[in-house]
Amino acid sequence: MLTAQDRSMKFLALGDSYTIGESVAEDERWPNQLADRLNIPRPKIIATTGWRTDQLRAAIEADQLSSDYDLVSLLIGVNNQYQGKPAQQYEVEFEGLLKKAIELAGGHAQRVFVVSIPDYGFTPFGKAKQATITPQLNEFNAINKRIADQYHVAYFNITDISREGLAKPELVAADGLHPSGKMYRLWVDLIIKDLKIP
């Protein structure tokens, strides 16, 4: 487990609704929970509900970020799947985003980590289409895992945790779709156990 000594560490969290914490309080967003647990400043978050890979890339470019982040996270893809975008397009765009994340970490792949896409088929919102959602998200997660491995970037599979959402309603936010703060805490428990920063 990482113990952060430098309280000036810069953390950048890139993503969509799952990173910005749709339907939960700011304190319950998983990047904020992670920063609090590591005793480092809360991250700069570039994430908006509904973003696909291409929209995240455009937002990163528009922000003109520096390339000196000590920690960069990337969780993106659910809206590519939800909007019916091809897996092949996701593959190309995700790889581009991961390369950009590494660049923003000063070229240090070991300062970057990828979080798998949660399975919203295990929520009240997605339950009826679970038979379609789950295989498609499995395909997208196989892609992002392979690319993360290719670039020697840490990968955290939180998808199994997300699949407890129907059995444990307290893990789903009040909107019936997004994770609750309790589920995000379980993600952080998983991440922090093996997170390493050089």
# chains A, B, ... in the order shown; residues from 1 in each chain; ligands from 1
>>> closest_atom_pairs(of="range 90-142 of chain A", to="range 183-187 of chain A", cutoff="12 Å", atoms="only C-alpha atoms", output="JSON lines")
{"residue": "A:Val115", "atom": "CA", "partner": "A:Trp187", "partner_atom": "CA", "distance": 9.2}
{"residue": "A:Ser116", "atom": "CA", "partner": "A:Trp187", "partner_atom": "CA", "distance": 10.4}
{"residue": "A:Ile117", "atom": "CA", "partner": "A:Trp187", "partner_atom": "CA", "distance": 11.6}
{"residue": "A:Pro118", "atom": "CA", "partner": "A:Trp187", "partner_atom": "CA", "distance": 10.3}
>>> closest_residue(among="A:Val114, A:Ala62, A:Leu171, A:Val92", to="Gly15 in chain A", atoms="only C-alpha atoms")
A:Val114
>>> residues_around(residues="Gln55 in chain A", least_positions_apart="6", cutoff="10 Å", atoms="only C-alpha atoms", output="list in words")
Gly15, Asp16, Ala47, Thr48 and Glu61 of chain A
>>> closest_residue(among="A:Ala87, A:Phe156, A:Gly181, A:Lys196", to="Gln33 in chain A", atoms="only C-alpha atoms")
A:Gly181
>>> residues_around(residues="Gly106 in chain A", least_positions_apart="6", cutoff="8 Å", atoms="only C-alpha atoms", output="MDAnalysis selection string")
chainID A and resid 67:69
>>> closest_atom_pairs(of="range 45-79 of chain A", to="range 130-152 of chain A", cutoff="10 Å", atoms="only C-alpha atoms", output="CSV")
residue,atom,partner,partner_atom,distance
A:Leu75,CA,A:Asn144,CA,9.3
A:Ile76,CA,A:Asn144,CA,9.1
A:Gly77,CA,A:Phe140,CA,7.2
A:Val78,CA,A:Leu137,CA,7.5
>>> select_by_dssp(residues="range 83-146 of chain A", states="strand (DSSP E)", output="ChimeraX atom specification")
/A:112-115
>>> write_last_selection(atoms="all heavy atoms", output="compact mmCIF listing (two decimals), in the first residue's frame")
# COMPACT_ATOMS: atom_id res chain seq x y z
N VAL A 112 0.42 6.28 -13.57
CA VAL A 112 -0.93 6.26 -14.15
C VAL A 112 -1.62 4.97 -13.76
O VAL A 112 -0.97 3.92 -13.64
CB VAL A 112 -0.84 6.38 -15.69
CG1 VAL A 112 -2.22 6.34 -16.33
CG2 VAL A 112 -0.09 7.66 -16.08
N PHE A 113 -2.93 5.03 -13.55
CA PHE A 113 -3.68 3.80 -13.37
C PHE A 113 -5.04 3.89 -14.05
O PHE A 113 -5.61 4.97 -14.19
CB PHE A 113 -3.82 3.40 -11.89
CG PHE A 113 -4.67 4.31 -11.04
CD1 PHE A 113 -6.00 4.03 -10.79
CD2 PHE A 113 -4.10 5.43 -10.42
CE1 PHE A 113 -6.77 4.84 -9.98
CE2 PHE A 113 -4.87 6.25 -9.60
CZ PHE A 113 -6.21 5.95 -9.38
N VAL A 114 -5.49 2.73 -14.52
CA VAL A 114 -6.78 2.60 -15.21
C VAL A 114 -7.75 1.88 -14.28
O VAL A 114 -7.38 0.92 -13.60
CB VAL A 114 -6.61 1.82 -16.53
CG1 VAL A 114 -7.97 1.46 -17.13
CG2 VAL A 114 -5.78 2.64 -17.52
N VAL A 115 -8.98 2.36 -14.26
CA VAL A 115 -10.06 1.70 -13.52
C VAL A 115 -11.03 1.12 -14.54
O VAL A 115 -11.40 1.80 -15.51
CB VAL A 115 -10.77 2.70 -12.59
CG1 VAL A 115 -11.92 2.03 -11.84
CG2 VAL A 115 -9.78 3.32 -11.60
>>> residues_around(residues="Leu166 in chain A", least_positions_apart="4", cutoff="8 Å", atoms="only C-alpha atoms", output="ChimeraX atom specification")
/A:122-124
>>> select_by_dssp(residues="range 19-182 of chain A", states="helix (DSSP H, G or I)", output="compact mmCIF listing (two decimals) with C-alpha atoms, in the first residue's frame")
# COMPACT_ATOMS: atom_id res chain seq x y z
CA THR A 19 -15.31 9.96 -11.80
CA ILE A 20 -17.29 13.14 -11.17
CA GLU A 26 -18.46 15.70 -3.48
CA ASP A 27 -16.84 14.00 -0.49
CA GLU A 28 -18.09 10.62 -1.76
CA TRP A 30 -14.04 7.97 -5.44
CA PRO A 31 -11.08 10.19 -6.47
CA ASN A 32 -11.76 12.44 -3.48
CA GLN A 33 -12.10 9.45 -1.16
CA LEU A 34 -8.81 8.09 -2.49
CA ALA A 35 -7.00 11.40 -1.99
CA ASP A 36 -8.36 11.69 1.54
CA ARG A 37 -7.19 8.17 2.36
CA LEU A 38 -3.73 8.92 0.95
CA THR A 53 -13.70 8.89 -25.05
CA ASP A 54 -13.67 11.55 -27.78
CA GLN A 55 -15.36 14.12 -25.55
CA LEU A 56 -12.92 13.49 -22.72
CA ARG A 57 -10.01 13.92 -25.12
CA ALA A 58 -11.42 17.24 -26.35
CA ALA A 59 -11.82 18.47 -22.77
CA ILE A 60 -8.24 17.50 -21.89
CA GLU A 61 -6.91 19.35 -24.92
CA ALA A 62 -9.02 22.43 -24.12
CA ASP A 63 -7.69 22.55 -20.55
CA VAL A 78 -19.47 3.37 -20.52
CA ASN A 79 -21.01 6.05 -22.74
CA ASN A 80 -19.30 4.65 -25.82
CA GLN A 81 -21.10 1.39 -25.05
CA TYR A 82 -24.39 3.03 -24.03
CA ALA A 87 -15.59 -1.32 -29.79
CA GLN A 88 -12.95 -0.74 -32.48
CA GLN A 89 -13.40 3.02 -32.15
CA TYR A 90 -13.16 2.75 -28.38
CA GLU A 91 -9.93 0.81 -28.70
CA VAL A 92 -8.26 3.52 -30.79
CA GLU A 93 -9.53 6.39 -28.66
CA PHE A 94 -8.81 4.72 -25.33
CA GLU A 95 -5.21 4.05 -26.37
CA GLY A 96 -4.86 7.71 -27.32
CA LEU A 97 -6.22 8.78 -23.95
CA LEU A 98 -3.89 6.46 -22.08
CA LYS A 99 -0.90 7.80 -23.99
CA LYS A 100 -2.04 11.32 -23.12
CA ALA A 101 -2.44 10.35 -19.44
CA ILE A 102 1.14 9.05 -19.41
CA GLU A 103 2.30 12.28 -21.01
CA LEU A 104 0.49 14.29 -18.31
CA ALA A 109 3.55 5.10 -16.94
CA GLN A 110 3.96 3.90 -13.36
CA ARG A 111 2.20 7.08 -12.15
CA TYR A 120 -24.69 -0.76 -14.93
CA GLY A 121 -26.61 -3.88 -15.97
CA PHE A 122 -26.63 -4.64 -12.24
CA LYS A 127 -31.44 -4.64 -15.11
CA ALA A 128 -33.86 -5.23 -18.01
CA LYS A 129 -31.03 -5.01 -20.56
CA GLN A 130 -28.39 -6.80 -18.52
CA ALA A 131 -28.07 -9.62 -21.06
CA THR A 132 -26.91 -7.05 -23.64
CA ILE A 133 -25.03 -4.64 -21.39
CA THR A 134 -22.82 -7.13 -19.57
CA PRO A 135 -21.23 -8.86 -22.61
CA GLN A 136 -20.61 -5.52 -24.30
CA LEU A 137 -18.94 -4.07 -21.21
CA ASN A 138 -16.89 -7.25 -20.87
CA GLU A 139 -15.59 -6.57 -24.38
CA PHE A 140 -14.79 -2.94 -23.60
CA ASN A 141 -13.02 -3.90 -20.38
CA ALA A 142 -10.99 -6.56 -22.17
CA ILE A 143 -9.83 -3.78 -24.51
CA ASN A 144 -8.85 -1.31 -21.81
CA LYS A 145 -7.13 -4.03 -19.77
CA ARG A 146 -5.08 -5.17 -22.76
CA ILE A 147 -4.02 -1.62 -23.58
CA ALA A 148 -3.16 -0.84 -19.95
CA ASP A 149 -0.99 -3.97 -19.84
CA GLN A 150 0.64 -3.02 -23.12
CA THR A 159 -16.44 -4.36 -12.24
CA ASP A 160 -17.10 -7.32 -9.96
CA ILE A 161 -17.89 -4.90 -7.13
CA SER A 162 -20.36 -3.06 -9.38
CA PRO A 169 -29.18 -1.83 -2.99
CA GLU A 170 -27.15 0.39 -0.64
CA LEU A 171 -24.34 0.25 -3.21
CA GLY A 181 -20.61 6.58 -1.88
CA LYS A 182 -20.50 3.18 -0.20
>>> atom_distance(atom1="CA of Ile191 in chain A", atom2="CA of Ser73 in chain A")
10.9 Å
>>> closest_residue(among="A:Gln83, A:Gly107, A:Lys168, A:Thr49", to="Ser180 in chain A", atoms="only C-alpha atoms")
A:Lys168
